[in-house]
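What follows is the content of input22.cif (mmCIF, N, CA and C atoms).
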```cif
data_data
loop_
_atom_site.label_atom_id
_atom_site.label_comp_id
_atom_site.auth_asym_id
_atom_site.auth_seq_id
_atom_site.Cartn_x
_atom_site.Cartn_y
_atom_site.Cartn_z
N MET A 1 -5.46 -17.36 1.28
CA MET A 1 -4.48 -16.46 1.84
C MET A 1 -5.15 -15.67 2.96
N SER A 2 -4.48 -15.56 4.08
CA SER A 2 -5.03 -14.81 5.20
C SER A 2 -4.85 -13.32 4.98
N GLN A 3 -5.61 -12.53 5.75
CA GLN A 3 -5.49 -11.08 5.64
C GLN A 3 -4.08 -10.62 6.01
N SER A 4 -3.48 -11.26 6.99
CA SER A 4 -2.14 -10.83 7.41
C SER A 4 -1.11 -11.09 6.32
N VAL A 5 -1.27 -12.19 5.59
CA VAL A 5 -0.36 -12.47 4.48
C VAL A 5 -0.56 -11.44 3.37
N GLY A 6 -1.81 -11.13 3.07
CA GLY A 6 -2.10 -10.12 2.05
C GLY A 6 -1.57 -8.76 2.43
N LYS A 7 -1.72 -8.42 3.70
CA LYS A 7 -1.20 -7.13 4.19
C LYS A 7 0.31 -7.10 4.07
N GLY A 8 0.97 -8.17 4.43
CA GLY A 8 2.42 -8.25 4.32
C GLY A 8 2.88 -8.12 2.88
N MET A 9 2.16 -8.75 1.97
CA MET A 9 2.50 -8.65 0.56
C MET A 9 2.34 -7.22 0.05
N LEU A 10 1.29 -6.54 0.50
CA LEU A 10 1.07 -5.16 0.11
C LEU A 10 2.19 -4.27 0.62
N VAL A 11 2.54 -4.42 1.88
CA VAL A 11 3.61 -3.61 2.48
C VAL A 11 4.93 -3.86 1.73
N ASP A 12 5.22 -5.11 1.42
CA ASP A 12 6.44 -5.44 0.69
C ASP A 12 6.42 -4.84 -0.71
N ALA A 13 5.28 -4.91 -1.39
CA ALA A 13 5.17 -4.33 -2.73
C ALA A 13 5.38 -2.82 -2.70
N VAL A 14 4.86 -2.17 -1.68
CA VAL A 14 5.03 -0.72 -1.56
C VAL A 14 6.50 -0.37 -1.35
N LYS A 15 7.22 -1.17 -0.57
CA LYS A 15 8.65 -0.93 -0.39
C LYS A 15 9.38 -1.01 -1.72
N HIS A 16 9.07 -2.04 -2.51
CA HIS A 16 9.71 -2.20 -3.81
C HIS A 16 9.33 -1.05 -4.75
N TYR A 17 8.09 -0.62 -4.68
CA TYR A 17 7.62 0.51 -5.48
C TYR A 17 8.41 1.77 -5.15
N ARG A 18 8.58 2.05 -3.87
CA ARG A 18 9.32 3.25 -3.47
C ARG A 18 10.77 3.21 -3.94
N ILE A 19 11.39 2.05 -3.81
CA ILE A 19 12.78 1.90 -4.28
C ILE A 19 12.85 2.12 -5.79
N ALA A 20 11.92 1.53 -6.52
CA ALA A 20 11.91 1.68 -7.98
C ALA A 20 11.67 3.13 -8.38
N TRP A 21 10.77 3.83 -7.67
CA TRP A 21 10.51 5.22 -8.00
C TRP A 21 11.74 6.08 -7.73
N LYS A 22 12.41 5.86 -6.61
CA LYS A 22 13.62 6.65 -6.31
C LYS A 22 14.69 6.42 -7.37
N ARG A 23 14.85 5.19 -7.78
CA ARG A 23 15.84 4.87 -8.80
C ARG A 23 15.47 5.53 -10.14
N CYS A 24 14.22 5.45 -10.48
CA CYS A 24 13.74 6.06 -11.72
C CYS A 24 13.87 7.58 -11.67
N ASN A 25 13.46 8.17 -10.55
CA ASN A 25 13.46 9.62 -10.42
C ASN A 25 14.86 10.20 -10.37
N ALA A 26 15.85 9.38 -10.04
CA ALA A 26 17.23 9.85 -10.02
C ALA A 26 17.70 10.24 -11.42
N SER A 27 17.16 9.57 -12.44
CA SER A 27 17.57 9.88 -13.81
C SER A 27 16.46 10.59 -14.59
N TRP A 28 15.25 10.57 -14.08
CA TRP A 28 14.12 11.22 -14.76
C TRP A 28 13.71 12.41 -13.90
N ASP A 29 14.24 13.55 -14.23
CA ASP A 29 14.02 14.73 -13.40
C ASP A 29 13.66 15.92 -14.29
N ASP A 30 12.41 15.91 -14.78
CA ASP A 30 11.94 17.01 -15.60
C ASP A 30 10.48 17.31 -15.24
N GLN A 31 9.83 18.14 -16.03
CA GLN A 31 8.44 18.51 -15.73
C GLN A 31 7.50 17.31 -15.78
N ASN A 32 7.75 16.38 -16.69
CA ASN A 32 6.91 15.19 -16.77
C ASN A 32 7.06 14.32 -15.53
N ALA A 33 8.27 14.23 -15.03
CA ALA A 33 8.50 13.48 -13.79
C ALA A 33 7.78 14.14 -12.63
N ASP A 34 7.86 15.47 -12.58
CA ASP A 34 7.16 16.20 -11.52
C ASP A 34 5.65 15.99 -11.60
N ARG A 35 5.13 16.03 -12.82
CA ARG A 35 3.69 15.82 -13.01
C ARG A 35 3.28 14.40 -12.63
N PHE A 36 4.11 13.42 -13.03
CA PHE A 36 3.84 12.03 -12.67
C PHE A 36 3.84 11.86 -11.15
N ALA A 37 4.83 12.46 -10.50
CA ALA A 37 4.91 12.37 -9.04
C ALA A 37 3.68 13.00 -8.41
N GLU A 38 3.26 14.15 -8.92
CA GLU A 38 2.10 14.83 -8.35
C GLU A 38 0.82 14.04 -8.58
N ASP A 39 0.67 13.47 -9.77
CA ASP A 39 -0.57 12.75 -10.11
C ASP A 39 -0.65 11.36 -9.50
N PHE A 40 0.49 10.70 -9.35
CA PHE A 40 0.46 9.30 -8.92
C PHE A 40 1.25 9.02 -7.64
N VAL A 41 2.51 9.36 -7.65
CA VAL A 41 3.39 8.97 -6.54
C VAL A 41 2.93 9.59 -5.23
N ASN A 42 2.65 10.88 -5.24
CA ASN A 42 2.27 11.57 -4.01
C ASN A 42 0.90 11.14 -3.49
N ASN A 43 0.06 10.62 -4.36
CA ASN A 43 -1.28 10.17 -3.95
C ASN A 43 -1.31 8.71 -3.52
N PHE A 44 -0.21 8.03 -3.71
CA PHE A 44 -0.16 6.59 -3.47
C PHE A 44 -0.20 6.23 -1.99
N ASP A 45 0.59 6.91 -1.18
CA ASP A 45 0.67 6.56 0.24
C ASP A 45 -0.67 6.65 0.97
N PRO A 46 -1.46 7.72 0.78
CA PRO A 46 -2.76 7.74 1.47
C PRO A 46 -3.67 6.59 1.03
N LEU A 47 -3.61 6.21 -0.23
CA LEU A 47 -4.43 5.09 -0.70
C LEU A 47 -3.99 3.78 -0.06
N VAL A 48 -2.69 3.59 0.05
CA VAL A 48 -2.17 2.37 0.68
C VAL A 48 -2.54 2.34 2.15
N ARG A 49 -2.42 3.49 2.83
CA ARG A 49 -2.80 3.54 4.25
C ARG A 49 -4.28 3.17 4.44
N ARG A 50 -5.13 3.68 3.55
CA ARG A 50 -6.56 3.34 3.67
C ARG A 50 -6.79 1.85 3.42
N ALA A 51 -6.07 1.29 2.46
CA ALA A 51 -6.20 -0.14 2.19
C ALA A 51 -5.75 -0.96 3.39
N ILE A 52 -4.64 -0.59 4.00
CA ILE A 52 -4.14 -1.32 5.17
C ILE A 52 -5.11 -1.18 6.34
N ASP A 53 -5.66 0.01 6.53
CA ASP A 53 -6.67 0.21 7.59
C ASP A 53 -7.88 -0.69 7.34
N ALA A 54 -8.31 -0.77 6.09
CA ALA A 54 -9.45 -1.63 5.76
C ALA A 54 -9.12 -3.09 6.00
N MET A 55 -7.90 -3.49 5.69
CA MET A 55 -7.48 -4.87 5.93
C MET A 55 -7.47 -5.17 7.43
N ASP A 56 -7.03 -4.21 8.23
CA ASP A 56 -7.03 -4.39 9.68
C ASP A 56 -8.45 -4.51 10.22
N ARG A 57 -9.37 -3.67 9.70
CA ARG A 57 -10.77 -3.76 10.15
C ARG A 57 -11.39 -5.09 9.74
N LEU A 58 -11.06 -5.55 8.53
CA LEU A 58 -11.57 -6.84 8.07
C LEU A 58 -11.04 -7.97 8.95
N GLN A 59 -9.77 -7.91 9.31
CA GLN A 59 -9.19 -8.93 10.19
C GLN A 59 -9.91 -8.93 11.54
N SER A 60 -10.18 -7.75 12.08
CA SER A 60 -10.89 -7.66 13.36
C SER A 60 -12.28 -8.25 13.26
N ALA A 61 -12.98 -7.96 12.16
CA ALA A 61 -14.33 -8.50 11.97
C ALA A 61 -14.29 -10.02 11.83
N CYS A 62 -13.30 -10.53 11.12
CA CYS A 62 -13.17 -11.99 10.97
C CYS A 62 -12.84 -12.65 12.30
N ASP A 63 -11.96 -12.03 13.07
CA ASP A 63 -11.61 -12.57 14.39
C ASP A 63 -12.84 -12.60 15.30
N GLU A 64 -13.62 -11.52 15.27
CA GLU A 64 -14.83 -11.45 16.09
C GLU A 64 -15.84 -12.52 15.65
N ALA A 65 -16.00 -12.69 14.35
CA ALA A 65 -16.93 -13.71 13.84
C ALA A 65 -16.47 -15.11 14.27
N ARG A 66 -15.17 -15.34 14.20
CA ARG A 66 -14.63 -16.64 14.58
C ARG A 66 -14.87 -16.92 16.06
N ARG A 67 -14.66 -15.89 16.91
CA ARG A 67 -14.91 -16.06 18.34
C ARG A 67 -16.39 -16.30 18.63
N THR A 68 -17.24 -15.62 17.91
CA THR A 68 -18.68 -15.77 18.09
C THR A 68 -19.14 -17.17 17.72
N CYS A 69 -18.54 -17.74 16.71
CA CYS A 69 -18.96 -19.06 16.22
C CYS A 69 -18.37 -20.21 17.02
N GLU A 70 -17.41 -19.93 17.91
CA GLU A 70 -16.79 -21.02 18.68
C GLU A 70 -17.65 -21.46 19.82
#
```
Output the structure of this file as structure tokens.
Amino acid sequence: MSQSVGKGMLVDAVKHYRIAWKRCNASWDDQNADRFAEDFVNNFDPLVRRAIDAMDRLQSACDEARRTCE
């Protein structure tokens, strides 16, 4: 699997995750939901952004290596 395919799969999974969380949070609205959101949901986006940035850097390094070897 290429990095671009993996990145696309991650982005798609995050979209599904957000939809599922919104659906869940519509009926789960108490202190536990707030704590879950604070501990997990709110911290998720920065982690995903870092992963995508790392995937982009890896793709650049692979592209550069491929050009060097040609």
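Our summary of the geometry notes that atom C of A:Gln31 is positioned 16.4 Å from atom CA of A:Asn43.
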*Given the file shown, determine the residues that the PyMOL selection byres (((chain A and resi 41 and name CA) around 12) and name CA) selects; report them as a PyMOL selection string.*
chain A and resi 14+17-22+24-25+33-40+42-48
*Length of the atom C of A:Ser2 to atom CA of A:Leu58 vector [Å]*: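 About the pair atom C of A:Ser2 and atom CA of A:Leu58: they are 9.8 Å apart.
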*Kindly give the distance, in Å, that separates atom CA of A:Lys15 and atom N of A:Arg49, rounded to a single decimal.*
12.3 Å
